[in-house]
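Have a look at the structure below before the remarks.
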Amino acid sequence: MTEKAAEPPVSSTALIHHAYQPPAGFEGLAPGVYKASTVVFPNVAALRARNWREKTGYTYGLHGTPTTFTLEERIATLEGGRQTLLAPSGLAAIALVNAALLRQGDEVLIPDNAYGPNKELARHELEAWGVRHRFYDPMDAGAFAALIGPHTRLAWLEAPGSVTMEFPDLVGLVRACRERGVTVALDNTWGAGLAFNPFALGAAGPAPSGVDISVHALTKYPSGGGDVLMGAVTTVDEALHLKLKFAHMRLGLGVGANDVELVLRGLPTLALRYQAHDAAARQVADFLRQRPEVTQLLHPAFPESPGHTHWARLCHGAAGLFSVVFDERFAPARVDAFVDALKLFRIGYSWGGPVSLAVPYDVPAMRSATRWPWRGTLVRFSIGLERPDDLIEDLRAALDALHG
């Protein structure tokens with residue numbers, strides 16, 4: 001006869017439904033990290049009564065936890081807004097705005113120098129859904145105003161332009177939209193909530209002077225480590241926020257608690273890092289602008305960069321990002337060899353982390369509504385947190401490869 005195995009000293013039920021609750025009142029410097037898909041209720045009445053819309057309670061992980069609510073509130077404060085929604089990436093945040101506000105027959109306006117995936121989203125998914133798009137010259141506010149038609153529902157702004165760094169007349173562009181009842185969304189990743197307040201751009205008069213929506217890729221400076229993907233959508237108008245929030249819920253957009261933890265950890269040093277990136281980028285850019293191989297510097301803080309006066313009128317700083325155009329006598333393959341020869345600069349997309357990056361671009365192939373005025377290959381640099389003198393020496397050595 002087989003002997004019956006002894007019962008384990010503790011059952012799985014006792015481990016799952018353990019009675020112990022830690023004492024209340026613990027407080028540390030870092031916010032707590034709460035992970036949940038299921039949120040439990042004390043009774044059925046609470047389940048039926050609890051409301052997630054105004055952050056007065058918790059119903060399901062996608063609708064928020066203490067961790068995500070904390071980050072949302074801090075980003076809203078950073079951006080100068082009142083409400084923030086988190087998305088899995090900066091592009092997901094852009095897609096949320098488009099999906100929530102645009103319907104078949106509507107039109108969206110996008111700057112010709114905007115973040116490439118935003119333009120591709122319009123060319124493919126939005127076009128397939130019956131939403132028209134037009135790309136516009138962001139440096140001509142008058143021509144932009146003339147483009148706005150009866151079906152224009154949304155206009156995207158970006159300051160400065162992705163890759164080519166032109167800084168537009170944000171006040172003029174916003175004014176044109178206000179006068180015609182068009183919702184304005186700004187990709188404010190470069191400004192990071194620090195360079196200027198997107199919701200108060202300084203225009204005179206009683207009407208709101210800022211954008212309606214600020215989209216921020218938290219992947220960049222708020223994270224600061226180059227290891228997190230996350231986006232944010234910030235607003236000041238309650239009705240607009242709820243429209244976005246319900247679409248956010250129906251699309252099932254969520255972010256991981258550990259990623260939120262990393263962004264929360266990065267926020268206290270955001271201003272210090274932004275200043276350090278800014279100062280280093282200006283030093284490195286000044287070196288390159290004086291090199292005979294470079295024909296154009298594209299950095300809003302420098303007078304020769306397009307839109308410098310707009311930047312100077314509005315901004316308190318600049319991100320660690322700039323581009324240069326190499327003399328056309330250097331073929332694209334030769335410029336690629338220059339980038340390959342860099343040691344401290346790594347080759348990779350994105351920016352905002354501690355490691356400096358360099359990427360060459362074919363700008364004419366990226367434009368359809370505006371003419372690129374310079375001949376020669378463009379390279380965009382993201383300046384990290386290395387010593388600027390070391391980066392300059394790296395560039396100096398790599399320029400030998402440019403000459404072959």
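FYI, nothing fancy with the structure tokens labels: chains A, B, ... in order, residues from 1 per chain, ligands from 1 as they appear.
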If you run DSSP on this backbone, which residues of range 302-390 of chain A come out as alpha helix (DSSP H), and could you give them as a VMD selection string? chain A and resid 308 to 314 332 to 341 388 to 390
For the selection just defined, write its residues with C-alpha atoms to a file, as a PDB file, in the first residue's frame.
```pdb
ATOM      1  CA  HIS A 308      16.558  82.464 -34.400  1.00  0.00           C
ATOM      2  CA  THR A 309      14.584  85.642 -33.691  1.00  0.00           C
ATOM      3  CA  HIS A 310      11.486  83.586 -32.838  1.00  0.00           C
ATOM      4  CA  TRP A 311      13.549  81.422 -30.497  1.00  0.00           C
ATOM      5  CA  ALA A 312      15.149  84.463 -28.846  1.00  0.00           C
ATOM      6  CA  ARG A 313      11.770  86.100 -28.284  1.00  0.00           C
ATOM      7  CA  LEU A 314      10.197  83.018 -26.695  1.00  0.00           C
ATOM      8  CA  PRO A 332      27.419  61.694 -49.027  1.00  0.00           C
ATOM      9  CA  ALA A 333      29.671  58.624 -48.815  1.00  0.00           C
ATOM     10  CA  ARG A 334      32.480  60.806 -47.517  1.00  0.00           C
ATOM     11  CA  VAL A 335      30.200  62.305 -44.858  1.00  0.00           C
ATOM     12  CA  ASP A 336      29.154  58.788 -43.885  1.00  0.00           C
ATOM     13  CA  ALA A 337      32.842  57.960 -43.420  1.00  0.00           C
ATOM     14  CA  PHE A 338      33.153  60.974 -41.123  1.00  0.00           C
ATOM     15  CA  VAL A 339      30.263  59.700 -38.975  1.00  0.00           C
ATOM     16  CA  ASP A 340      31.723  56.186 -38.952  1.00  0.00           C
ATOM     17  CA  ALA A 341      35.063  57.574 -37.766  1.00  0.00           C
ATOM     18  CA  PRO A 388      32.501  69.014 -24.494  1.00  0.00           C
ATOM     19  CA  ASP A 389      36.268  69.235 -25.036  1.00  0.00           C
ATOM     20  CA  ASP A 390      36.415  65.468 -25.488  1.00  0.00           C
TER      21      ASP A 390
END
```
As an exercise, work out the distance from CA of Ala331 in chain A to CA of Ala285 in chain A in Å and give it to one decimal place. 21.6 Å
Near Gln296 in chain A, counting only C-alpha atoms, which residues have an atom at most 9 Å away, once you skip same-chain residues fewer than 3 positions from it, shown as a list of chain:residue names? A:Arg289, A:Glu304, A:Ser305, A:Ser323, A:Val324, A:Val325, A:Phe326, A:Asp327, A:Trp374
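The protein and nucleic acid residues lying at most 12 Å from Arg175 in chain A are Ala141, Gly142, Phe144, Ala145, Ala155, Asp169, Leu170, Val171, Glu179, Arg180, Gly181, Val182, Thr183, Val184, Leu201, Gly202, Ala203, Ala204, Gly205, Ala207, Pro208, Ser209, Gly210, Val211 and Asp212 of chain A, with only C-alpha atoms considered and sequence neighbours fewer than 4 positions away removed.
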Which residues of range 169-196 of chain A sit at most 10 Å from range 270-275 of chain A, using only C-alpha atoms? Give each one's shortest atom pair and distance in Å (one decimal place), in chain and ascending residue order, as CSV.
```
residue,atom,partner,partner_atom,distance
A:Gly191,CA,A:Tyr274,CA,9.4
A:Ala192,CA,A:Tyr274,CA,8.4
A:Gly193,CA,A:Ala271,CA,9.5
A:Leu194,CA,A:Ala271,CA,7.2
A:Ala195,CA,A:Tyr274,CA,9.2
```
Who sits within 9 Å of range 59-63 of chain A, only C-alpha atoms, same chain under 5 positions skipped, as a PyMOL selection string: chain A and resi 35-41+47+50-53+249+252-255
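If only C-alpha atoms are the atoms counted, then among A:Asn43, A:Arg74, A:Ala143, A:Leu297 the closest residue to Arg265 in chain A is A:Arg74.
Comparing the minimum interatomic distances between Phe69 in chain A and each of A:Val284, A:Met230, A:Ala397, A:Leu85, counting only C-alpha atoms, we find that A:Leu85 sits nearest.
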What are the DSSP strand (DSSP E) residues of range 110-259 of chain A, as number ranges by chain? A: 110-111, 132-136, 152-158, 183-187, 213-217, 231-235
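Nearest to Pro88 in chain A of all the residues A:Gln21, A:His151, A:Thr219, A:Leu344 is A:Thr219, counting only C-alpha atoms.
The shell of residues at most 8 Å from Tyr136 in chain A, with only C-alpha atoms counted and near chain neighbours (fewer than 3 positions) removed, consists of Leu109, Ile110, Pro111, Asp112, Phe144, Ala369 and Thr370 of chain A.
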Long-range neighbours of Trp190 in chain A as number ranges by chain, 8 Å cut-off, only C-alpha atoms, 2 positions minimum in chain: A: 159-160, 187-188, 192, 318-319
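For the choices A:Val97, A:Ala76, A:Thr377, A:Leu298, the atom-to-atom distance to Pro198 in chain A is smallest for A:Ala76 when using only C-alpha atoms.
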